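Novice: Below you'll find model.csv; it's CSV, N, CA and C atoms.
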```
chain,number,residue,atom,x,y,z
R,141,MET,N,0.8,-1.2,0.0
R,141,MET,CA,0.0,0.0,0.0
R,141,MET,C,0.9,1.2,0.0
R,142,ALA,N,0.6,2.2,-0.9
R,142,ALA,CA,1.4,3.4,-1.0
R,142,ALA,C,0.7,4.5,-0.3
R,143,TYR,N,1.5,5.3,0.4
R,143,TYR,CA,1.0,6.4,1.1
R,143,TYR,C,1.5,7.7,0.4
R,144,ASP,N,0.6,8.6,0.3
R,144,ASP,CA,0.9,9.9,-0.3
R,144,ASP,C,1.4,10.8,0.9
R,145,HIS,N,2.7,11.1,0.9
R,145,HIS,CA,3.2,12.0,1.9
R,145,HIS,C,3.7,13.2,1.3
R,146,PRO,N,3.2,14.4,1.7
R,146,PRO,CA,3.5,15.7,1.1
R,146,PRO,C,5.0,16.0,1.1
R,147,ILE,N,5.8,15.5,2.1
R,147,ILE,CA,7.2,15.9,2.2
R,147,ILE,C,8.1,14.8,1.6
R,148,TYR,N,7.6,13.6,1.4
R,148,TYR,CA,8.4,12.5,0.9
R,148,TYR,C,9.1,12.9,-0.4
R,149,GLY,N,10.4,12.7,-0.4
R,149,GLY,CA,11.2,13.0,-1.6
R,149,GLY,C,11.7,14.4,-1.6
R,150,ARG,N,11.1,15.3,-0.7
R,150,ARG,CA,11.5,16.7,-0.7
R,150,ARG,C,12.4,17.0,0.5
R,151,GLU,N,12.5,16.1,1.4
R,151,GLU,CA,13.2,16.3,2.6
R,151,GLU,C,14.7,16.5,2.3
R,152,PRO,N,15.3,17.5,2.8
R,152,PRO,CA,16.7,17.8,2.4
R,152,PRO,C,17.6,16.6,2.8
R,153,ALA,N,18.7,16.4,2.0
R,153,ALA,CA,19.6,15.3,2.3
R,153,ALA,C,20.3,15.5,3.6
R,154,PHE,N,20.7,16.7,3.9
R,154,PHE,CA,21.5,16.9,5.1
R,154,PHE,C,20.7,17.4,6.3
R,155,TYR,N,19.4,17.4,6.2
R,155,TYR,CA,18.5,17.9,7.2
R,155,TYR,C,18.7,17.1,8.5
R,156,PRO,N,18.7,15.8,8.5
R,156,PRO,CA,18.9,15.1,9.8
R,156,PRO,C,20.3,15.4,10.4
R,157,VAL,N,21.3,15.5,9.6
R,157,VAL,CA,22.6,15.9,10.1
R,157,VAL,C,22.6,17.3,10.7
R,158,HIS,N,22.0,18.2,10.0
R,158,HIS,CA,21.8,19.6,10.5
R,158,HIS,C,21.1,19.6,11.8
R,159,ALA,N,20.0,18.9,11.9
R,159,ALA,CA,19.2,18.9,13.1
R,159,ALA,C,19.9,18.3,14.3
R,160,ALA,N,20.7,17.2,14.0
R,160,ALA,CA,21.5,16.6,15.1
R,160,ALA,C,22.6,17.5,15.5
R,161,LEU,N,23.3,18.1,14.6
R,161,LEU,CA,24.4,19.0,15.0
R,161,LEU,C,23.9,20.3,15.6
R,162,LEU,N,22.7,20.8,15.3
R,162,LEU,CA,22.2,22.0,15.8
R,162,LEU,C,21.8,21.9,17.3
R,163,ALA,N,21.6,20.8,17.8
R,163,ALA,CA,21.2,20.6,19.2
R,163,ALA,C,22.4,21.0,20.1
R,164,PHE,N,23.6,20.7,19.7
R,164,PHE,CA,24.8,21.0,20.5
R,164,PHE,C,25.0,22.5,20.7
R,165,PRO,N,25.0,23.3,19.7
R,165,PRO,CA,25.2,24.7,20.0
R,165,PRO,C,24.1,25.3,20.9
R,166,VAL,N,22.9,24.9,20.7
R,166,VAL,CA,21.8,25.4,21.5
R,166,VAL,C,22.1,25.1,23.0
R,167,ALA,N,22.4,23.8,23.2
R,167,ALA,CA,22.7,23.4,24.6
R,167,ALA,C,24.0,24.1,25.2
R,168,CYS,N,25.0,24.2,24.4
R,168,CYS,CA,26.3,24.7,24.8
R,168,CYS,C,26.2,26.2,25.1
R,169,PHE,N,25.5,27.0,24.2
R,169,PHE,CA,25.4,28.4,24.4
R,169,PHE,C,24.5,28.8,25.6
R,170,SER,N,23.4,28.0,25.8
R,170,SER,CA,22.5,28.2,26.9
R,170,SER,C,23.2,27.8,28.2
R,171,LEU,N,24.0,26.8,28.2
R,171,LEU,CA,24.8,26.4,29.4
R,171,LEU,C,25.9,27.4,29.7
R,172,THR,N,26.4,28.0,28.7
R,172,THR,CA,27.4,29.1,28.9
R,172,THR,C,26.8,30.2,29.7
R,173,LEU,N,25.6,30.6,29.4
R,173,LEU,CA,24.9,31.6,30.2
R,173,LEU,C,24.8,31.2,31.7
R,174,VAL,N,24.4,29.9,31.8
R,174,VAL,CA,24.2,29.4,33.2
R,174,VAL,C,25.5,29.4,34.0
R,175,SER,N,26.6,28.9,33.3
R,175,SER,CA,27.9,28.9,34.0
R,175,SER,C,28.5,30.3,34.2
R,176,ASP,N,28.1,31.2,33.3
R,176,ASP,CA,28.6,32.6,33.6
R,176,ASP,C,27.9,33.2,34.8
R,177,ILE,N,26.6,32.9,35.0
R,177,ILE,CA,25.8,33.3,36.2
R,177,ILE,C,26.4,32.6,37.4
R,178,ALA,N,26.7,31.4,37.3
R,178,ALA,CA,27.3,30.6,38.4
R,178,ALA,C,28.7,31.2,38.8
R,179,TYR,N,29.5,31.6,37.8
R,179,TYR,CA,30.8,32.3,38.2
R,179,TYR,C,30.5,33.6,38.8
R,180,TRP,N,29.6,34.4,38.3
R,180,TRP,CA,29.3,35.7,38.8
R,180,TRP,C,28.9,35.6,40.3
R,181,ARG,N,28.1,34.6,40.6
R,181,ARG,CA,27.6,34.4,42.0
R,181,ARG,C,28.7,33.8,42.9
R,182,THR,N,29.6,32.9,42.4
R,182,THR,CA,30.4,32.2,43.3
R,182,THR,C,31.9,32.5,43.2
R,183,LEU,N,32.3,33.1,42.1
R,183,LEU,CA,33.7,33.5,41.8
R,183,LEU,C,34.6,32.2,41.8
R,184,ASN,N,34.1,31.1,41.5
R,184,ASN,CA,34.8,29.9,41.4
R,184,ASN,C,35.3,29.8,39.9
R,185,LEU,N,36.6,29.7,39.7
R,185,LEU,CA,37.2,29.7,38.4
R,185,LEU,C,36.8,28.5,37.5
R,186,LEU,N,36.3,27.4,38.2
R,186,LEU,CA,35.8,26.3,37.4
R,186,LEU,C,34.7,26.6,36.5
R,187,TRP,N,33.8,27.5,36.9
R,187,TRP,CA,32.7,28.0,36.1
R,187,TRP,C,33.2,28.7,34.9
R,188,LEU,N,34.2,29.5,35.0
R,188,LEU,CA,34.8,30.3,33.9
R,188,LEU,C,35.3,29.3,32.9
R,189,HIS,N,36.0,28.3,33.3
R,189,HIS,CA,36.6,27.3,32.4
R,189,HIS,C,35.5,26.5,31.7
R,190,PHE,N,34.4,26.2,32.5
R,190,PHE,CA,33.3,25.5,31.8
R,190,PHE,C,32.7,26.4,30.7
R,191,SER,N,32.6,27.7,30.9
R,191,SER,CA,32.1,28.6,29.9
R,191,SER,C,33.0,28.6,28.7
R,192,GLU,N,34.3,28.6,28.9
R,192,GLU,CA,35.2,28.6,27.8
R,192,GLU,C,35.1,27.3,26.9
R,193,TRP,N,35.0,26.2,27.6
R,193,TRP,CA,34.9,24.9,26.8
R,193,TRP,C,33.5,24.8,26.2
R,194,LEU,N,32.5,25.3,26.8
R,194,LEU,CA,31.1,25.2,26.2
R,194,LEU,C,31.1,26.1,25.0
R,195,LEU,N,31.7,27.3,25.0
R,195,LEU,CA,31.7,28.1,23.9
R,195,LEU,C,32.5,27.5,22.7
R,196,LEU,N,33.6,26.9,23.0
R,196,LEU,CA,34.4,26.2,21.9
R,196,LEU,C,33.6,25.1,21.3
R,197,ALA,N,32.9,24.2,22.1
R,197,ALA,CA,32.1,23.1,21.6
R,197,ALA,C,31.0,23.6,20.8
R,198,GLY,N,30.3,24.7,21.3
R,198,GLY,CA,29.2,25.2,20.6
R,198,GLY,C,29.5,25.8,19.3
R,199,LEU,N,30.7,26.5,19.2
R,199,LEU,CA,31.2,27.0,17.9
R,199,LEU,C,31.5,25.9,16.9
R,200,VAL,N,32.2,24.9,17.4
R,200,VAL,CA,32.6,23.8,16.5
R,200,VAL,C,31.3,23.1,15.9
R,201,PHE,N,30.4,22.8,16.7
R,201,PHE,CA,29.2,22.1,16.2
R,201,PHE,C,28.3,23.1,15.5
R,202,GLY,N,28.3,24.4,15.8
R,202,GLY,CA,27.5,25.4,15.1
R,202,GLY,C,28.0,25.6,13.7
R,203,VAL,N,29.3,25.6,13.5
R,203,VAL,CA,29.8,25.8,12.2
R,203,VAL,C,29.6,24.5,11.4
R,204,ALA,N,29.7,23.4,12.0
R,204,ALA,CA,29.4,22.1,11.3
R,204,ALA,C,27.9,22.1,10.9
R,205,ALA,N,27.0,22.5,11.7
R,205,ALA,CA,25.6,22.5,11.4
R,205,ALA,C,25.3,23.5,10.2
R,206,TRP,N,25.9,24.7,10.3
R,206,TRP,CA,25.8,25.6,9.2
R,206,TRP,C,26.3,25.1,7.9
R,207,VAL,N,27.4,24.4,7.9
R,207,VAL,CA,28.0,23.8,6.7
R,207,VAL,C,27.0,22.7,6.1
R,208,ALA,N,26.4,21.9,7.0
R,208,ALA,CA,25.5,20.9,6.6
R,208,ALA,C,24.3,21.6,5.9
R,209,ARG,N,23.8,22.7,6.5
R,209,ARG,CA,22.6,23.4,5.9
R,209,ARG,C,23.0,24.0,4.5
R,210,MET,N,24.2,24.5,4.4
R,210,MET,CA,24.6,25.1,3.1
R,210,MET,C,24.9,24.0,2.1
R,211,LEU,N,25.4,22.9,2.5
R,211,LEU,CA,25.6,21.8,1.6
R,211,LEU,C,24.2,21.3,1.0
R,212,ASP,N,23.2,21.3,1.9
R,212,ASP,CA,21.9,21.0,1.5
R,212,ASP,C,21.4,21.9,0.4
R,213,ARG,N,21.7,23.2,0.6
R,213,ARG,CA,21.3,24.2,-0.4
R,213,ARG,C,22.0,24.0,-1.7
R,214,VAL,N,23.3,23.6,-1.7
R,214,VAL,CA,24.0,23.3,-2.9
R,214,VAL,C,23.6,22.0,-3.6
R,215,VAL,N,23.5,21.0,-2.8
R,215,VAL,CA,23.3,19.6,-3.4
R,215,VAL,C,21.8,19.5,-3.8
R,216,ARG,N,20.9,19.8,-3.0
R,216,ARG,CA,19.5,19.6,-3.3
R,216,ARG,C,18.7,20.8,-3.8
R,217,ARG,N,19.4,21.9,-3.8
R,217,ARG,CA,18.8,23.2,-4.2
R,217,ARG,C,17.6,23.6,-3.4
R,218,ILE,N,17.6,23.3,-2.2
R,218,ILE,CA,16.5,23.6,-1.3
R,218,ILE,C,16.9,24.8,-0.5
R,219,SER,N,16.2,25.9,-0.7
R,219,SER,CA,16.5,27.1,0.0
R,219,SER,C,16.1,27.1,1.5
R,220,PRO,N,17.0,27.4,2.4
R,220,PRO,CA,16.7,27.5,3.8
R,220,PRO,C,15.9,28.8,4.0
R,221,SER,N,15.3,28.9,5.2
R,221,SER,CA,14.7,30.2,5.6
R,221,SER,C,15.9,31.2,5.8
R,222,TRP,N,15.9,32.2,4.9
R,222,TRP,CA,17.1,33.1,4.9
R,222,TRP,C,17.2,33.9,6.2
R,223,PRO,N,16.1,34.4,6.8
R,223,PRO,CA,16.2,35.1,8.1
R,223,PRO,C,16.8,34.2,9.1
R,224,ALA,N,16.4,32.9,9.1
R,224,ALA,CA,17.0,31.9,10.1
R,224,ALA,C,18.5,31.7,9.8
R,225,ALA,N,18.8,31.6,8.5
R,225,ALA,CA,20.2,31.3,8.2
R,225,ALA,C,21.1,32.5,8.6
R,226,ILE,N,20.6,33.7,8.4
R,226,ILE,CA,21.3,34.9,8.8
R,226,ILE,C,21.4,35.0,10.3
R,227,GLY,N,20.3,34.7,10.9
R,227,GLY,CA,20.3,34.6,12.4
R,227,GLY,C,21.3,33.7,13.0
R,228,GLY,N,21.4,32.5,12.3
R,228,GLY,CA,22.4,31.6,12.7
R,228,GLY,C,23.8,32.1,12.6
R,229,VAL,N,24.1,32.9,11.6
R,229,VAL,CA,25.4,33.5,11.4
R,229,VAL,C,25.6,34.5,12.5
R,230,VAL,N,24.6,35.3,12.8
R,230,VAL,CA,24.7,36.3,13.9
R,230,VAL,C,25.0,35.6,15.3
R,231,VAL,N,24.3,34.5,15.5
R,231,VAL,CA,24.5,33.7,16.8
R,231,VAL,C,26.0,33.3,16.8
R,232,LEU,N,26.5,32.7,15.7
R,232,LEU,CA,27.9,32.3,15.7
R,232,LEU,C,28.9,33.4,15.9
R,233,LEU,N,28.6,34.6,15.3
R,233,LEU,CA,29.4,35.7,15.5
R,233,LEU,C,29.4,36.2,16.9
R,234,LEU,N,28.2,36.2,17.5
R,234,LEU,CA,28.1,36.6,18.9
R,234,LEU,C,28.9,35.6,19.8
R,235,ALA,N,28.8,34.4,19.5
R,235,ALA,CA,29.5,33.4,20.3
R,235,ALA,C,31.0,33.5,20.1
R,236,THR,N,31.4,33.8,18.9
R,236,THR,CA,32.9,34.0,18.7
R,236,THR,C,33.4,35.2,19.5
R,237,LEU,N,32.6,36.3,19.5
R,237,LEU,CA,33.0,37.5,20.3
R,237,LEU,C,33.0,37.1,21.7
R,238,ASN,N,32.0,36.3,22.2
R,238,ASN,CA,32.0,35.9,23.6
R,238,ASN,C,33.2,35.0,23.9
R,239,SER,N,33.6,34.2,23.0
R,239,SER,CA,34.8,33.4,23.2
R,239,SER,C,36.0,34.2,23.4
R,240,PHE,N,36.2,35.3,22.6
R,240,PHE,CA,37.3,36.2,22.8
R,240,PHE,C,37.2,37.0,24.1
R,241,ILE,N,36.0,37.3,24.5
R,241,ILE,CA,35.9,38.0,25.8
R,241,ILE,C,36.3,37.1,26.9
R,242,HIS,N,35.9,35.8,26.8
R,242,HIS,CA,36.2,34.9,27.9
R,242,HIS,C,37.7,34.5,28.0
R,243,THR,N,38.5,35.0,27.1
R,243,THR,CA,40.0,34.7,27.2
R,243,THR,C,40.7,35.6,28.2
R,244,ALA,N,40.0,36.6,28.7
R,244,ALA,CA,40.6,37.5,29.7
R,244,ALA,C,40.7,36.7,31.0
R,245,ASP,N,41.4,37.2,32.0
R,245,ASP,CA,41.6,36.6,33.2
R,245,ASP,C,40.5,36.9,34.3
R,246,GLY,N,40.0,35.9,34.9
R,246,GLY,CA,39.1,36.0,36.1
R,246,GLY,C,37.9,36.9,35.8
R,247,TRP,N,37.7,37.8,36.7
R,247,TRP,CA,36.4,38.5,36.8
R,247,TRP,C,36.1,39.3,35.5
R,248,THR,N,37.1,39.9,34.9
R,248,THR,CA,36.9,40.6,33.6
R,248,THR,C,36.5,39.7,32.4
R,249,ALA,N,36.7,38.4,32.6
R,249,ALA,CA,36.3,37.5,31.5
R,249,ALA,C,34.8,37.3,31.5
R,250,VAL,N,34.1,37.6,32.6
R,250,VAL,CA,32.7,37.3,32.6
R,250,VAL,C,31.9,38.5,32.9
R,251,VAL,N,32.3,39.3,33.9
R,251,VAL,CA,31.5,40.5,34.3
R,251,VAL,C,32.1,41.7,33.8
R,252,PRO,N,31.4,42.6,33.1
R,252,PRO,CA,30.0,42.5,32.7
R,252,PRO,C,29.8,42.0,31.3
R,253,TYR,N,30.9,42.1,30.5
R,253,TYR,CA,30.7,41.9,29.0
R,253,TYR,C,30.4,40.5,28.7
R,254,GLY,N,31.1,39.5,29.3
R,254,GLY,CA,30.9,38.1,29.0
R,254,GLY,C,29.5,37.7,29.3
R,255,LEU,N,29.0,38.1,30.4
R,255,LEU,CA,27.7,37.8,30.8
R,255,LEU,C,26.6,38.4,29.9
R,256,ALA,N,26.9,39.6,29.5
R,256,ALA,CA,26.0,40.3,28.6
R,256,ALA,C,25.9,39.7,27.2
R,257,VAL,N,27.1,39.3,26.7
R,257,VAL,CA,27.1,38.7,25.4
R,257,VAL,C,26.6,37.3,25.4
R,258,SER,N,26.7,36.6,26.5
R,258,SER,CA,26.1,35.3,26.7
R,258,SER,C,24.6,35.4,26.6
R,259,PHE,N,24.1,36.4,27.3
R,259,PHE,CA,22.6,36.7,27.3
R,259,PHE,C,22.2,37.1,25.9
R,260,LEU,N,22.9,37.9,25.2
R,260,LEU,CA,22.5,38.3,23.9
R,260,LEU,C,22.6,37.1,22.9
R,261,THR,N,23.5,36.2,23.1
R,261,THR,CA,23.6,35.0,22.3
R,261,THR,C,22.3,34.1,22.4
R,262,VAL,N,21.9,33.9,23.7
R,262,VAL,CA,20.7,33.1,23.9
R,262,VAL,C,19.5,33.8,23.3
R,263,ILE,N,19.4,35.1,23.5
R,263,ILE,CA,18.2,35.9,22.9
R,263,ILE,C,18.3,35.7,21.4
R,264,ALA,N,19.4,35.9,20.8
R,264,ALA,CA,19.6,35.7,19.3
R,264,ALA,C,19.2,34.3,18.9
R,265,MET,N,19.5,33.3,19.7
R,265,MET,CA,19.1,31.9,19.3
R,265,MET,C,17.6,31.8,19.4
R,266,ILE,N,16.9,32.4,20.4
R,266,ILE,CA,15.5,32.3,20.5
R,266,ILE,C,14.8,33.0,19.3
R,267,ILE,N,15.3,34.2,18.9
R,267,ILE,CA,14.8,34.9,17.8
R,267,ILE,C,15.0,34.1,16.5
R,268,THR,N,16.2,33.5,16.3
R,268,THR,CA,16.5,32.7,15.1
R,268,THR,C,15.6,31.5,15.0
R,269,ALA,N,15.3,30.9,16.2
R,269,ALA,CA,14.4,29.7,16.2
R,269,ALA,C,13.0,30.2,15.8
R,270,TRP,N,12.6,31.3,16.2
R,270,TRP,CA,11.3,31.9,15.9
R,270,TRP,C,11.2,32.2,14.4
R,271,LEU,N,12.3,32.8,13.9
R,271,LEU,CA,12.3,33.1,12.4
R,271,LEU,C,12.4,31.8,11.6
R,272,GLY,N,13.0,30.8,12.1
R,272,GLY,CA,13.2,29.6,11.3
R,272,GLY,C,12.0,28.6,11.4
R,273,ARG,N,11.0,28.9,12.2
R,273,ARG,CA,9.9,28.0,12.3
R,273,ARG,C,9.1,27.8,11.0
R,274,LYS,N,9.2,28.8,10.1
R,274,LYS,CA,8.5,28.8,8.8
R,274,LYS,C,9.2,27.7,7.9
R,275,GLY,N,10.5,27.5,8.0
R,275,GLY,CA,11.2,26.5,7.2
R,275,GLY,C,11.3,25.2,7.8
R,276,ALA,N,10.6,24.9,8.9
R,276,ALA,CA,10.7,23.6,9.6
R,276,ALA,C,10.0,22.5,8.8
R,277,TYR,N,10.6,21.4,8.9
R,277,TYR,CA,10.0,20.2,8.2
R,277,TYR,C,9.2,19.4,9.2
R,278,HIS,N,8.0,19.1,8.9
R,278,HIS,CA,7.1,18.3,9.8
R,278,HIS,C,6.8,17.0,9.1
R,279,ALA,N,6.8,15.9,9.9
R,279,ALA,CA,6.5,14.6,9.4
R,279,ALA,C,5.0,14.3,9.6
```
Starting from the file, give its structure as structure tokens.

Specialist:
Amino acid sequence: MAYDHPIYGREPAFYPVHAALLAFPVACFSLTLVSDIAYWRTLNLLWLHFSEWLLLAGLVFGVAAWVARMLDRVVRRISPSWPAAIGGVVVLLLATLNSFIHTADGWTAVVPYGLAVSFLTVIAMIITAWLGRKGAYHA
């Protein structure tokens, strides 16, 4: 028995890879904000180092997810939601800036600019997700 599925055959080739890779930056950048707040409240350097590693992991997986999405554009000629794609680049740029801010020593690595940029990164992720809901694939 054959089923008519409106998306069957149109699902992007790299979409599952993109979706799997995209979960990591969302978690890492959100947890960076949490660890920055923990450092601000406790002054324990462990939280600062957690933030640095979370930013690095989020950037690596974020770039990989963006490359998978752009490969889907090239291979299958399926256009992504451009506001969401631009929002993703903005999130990666904010996270890169945040990573540079976190290279400072101690208190100045987090308060006030590191914490503020972590907050802006999470807000940019929320806005990007809202803009990208139009291009979401539903089964």

Novice: Write out as a PDB file with N, CA and C atoms, in the coordinates of the input which residues come within 10 Å of Leu185 in chain R when counting only C-alpha atoms, dropping same-chain ones fewer than 6 positions away.

Specialist:
```pdb
ATOM      1  N   ALA R 178      26.700  31.400  37.300  1.00  0.00           N
ATOM      2  CA  ALA R 178      27.300  30.600  38.400  1.00  0.00           C
ATOM      3  C   ALA R 178      28.700  31.200  38.800  1.00  0.00           C
ATOM      4  N   TYR R 179      29.500  31.600  37.800  1.00  0.00           N
ATOM      5  CA  TYR R 179      30.800  32.300  38.200  1.00  0.00           C
ATOM      6  C   TYR R 179      30.500  33.600  38.800  1.00  0.00           C
ATOM      7  N   SER R 191      32.600  27.700  30.900  1.00  0.00           N
ATOM      8  CA  SER R 191      32.100  28.600  29.900  1.00  0.00           C
ATOM      9  C   SER R 191      33.000  28.600  28.700  1.00  0.00           C
ATOM     10  N   ASP R 245      41.400  37.200  32.000  1.00  0.00           N
ATOM     11  CA  ASP R 245      41.600  36.600  33.200  1.00  0.00           C
ATOM     12  C   ASP R 245      40.500  36.900  34.300  1.00  0.00           C
ATOM     13  N   GLY R 246      40.000  35.900  34.900  1.00  0.00           N
ATOM     14  CA  GLY R 246      39.100  36.000  36.100  1.00  0.00           C
ATOM     15  C   GLY R 246      37.900  36.900  35.800  1.00  0.00           C
ATOM     16  N   TRP R 247      37.700  37.800  36.700  1.00  0.00           N
ATOM     17  CA  TRP R 247      36.400  38.500  36.800  1.00  0.00           C
ATOM     18  C   TRP R 247      36.100  39.300  35.500  1.00  0.00           C
TER      19      TRP R 247
END
```

Novice: Quick check, in Å to one decimal: how far apart do CA of Gly272 in chain R and CA of Trp222 in chain R lie?

Specialist: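 For CA of Gly272 in chain R relative to CA of Trp222 in chain R, the distance reads 8.3 Å.
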
Novice: Once DSSP has gone over the backbone, tell me which residues of chain R are in alpha helix (DSSP H), as JSON, numbers by chain.

Specialist: {"R": [155, 156, 157, 158, 159, 160, 161, 162, 163, 164, 165, 166, 167, 168, 169, 170, 171, 172, 173, 174, 175, 176, 177, 178, 179, 180, 181, 182, 185, 186, 187, 188, 189, 190, 191, 192, 193, 194, 195, 196, 197, 198, 199, 200, 201, 202, 203, 204, 205, 206, 207, 208, 209, 210, 211, 212, 213, 214, 215, 216, 222, 223, 224, 225, 226, 227, 228, 229, 230, 231, 232, 233, 234, 235, 236, 237, 238, 239, 240, 241, 247, 248, 249, 250, 253, 254, 255, 256, 257, 258, 259, 260, 261, 262, 263, 264, 265, 266, 267, 268, 269, 270, 271, 272]}

Novice: By how many Å are CA of Gly202 in chain R and atom N of Ala159 in chain R apart?

Specialist: 10.4 Å

Novice: Quick one: pull the distance between CA of Trp180 in chain R and CA of Val251 in chain R, Å, one decimal.

Specialist: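 CA of Val251 in chain R lies 6.9 Å from CA of Trp180 in chain R.
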
Novice: Using only N, CA and C atoms, which of the listed residues (R:Ile226, R:Leu162, R:Val203, R:Val231) sits closest to Val262 in chain R?

Specialist: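 Distance minimum relative to Val262 in chain R lands on R:Val231.
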
Novice: What lies within 8 Å of Ala208 in chain R using only N, CA and C atoms, ignoring chain neighbours under 5 positions off, as a list of chain:residue names?

Specialist: R:Ala153, R:Phe154, R:Tyr155, R:Val157, R:His158, R:Ala159, R:Gly202, R:Val203, R:Arg213, R:Val214

Novice: Find the residues with any atom within 8 Å of (26.6, 23.7, 32.8); use only C-alpha atoms and the coordinates as given in the file, and write the answer as a ChimeraX atom specification.

Specialist: /R:171-172,174-175,190-191
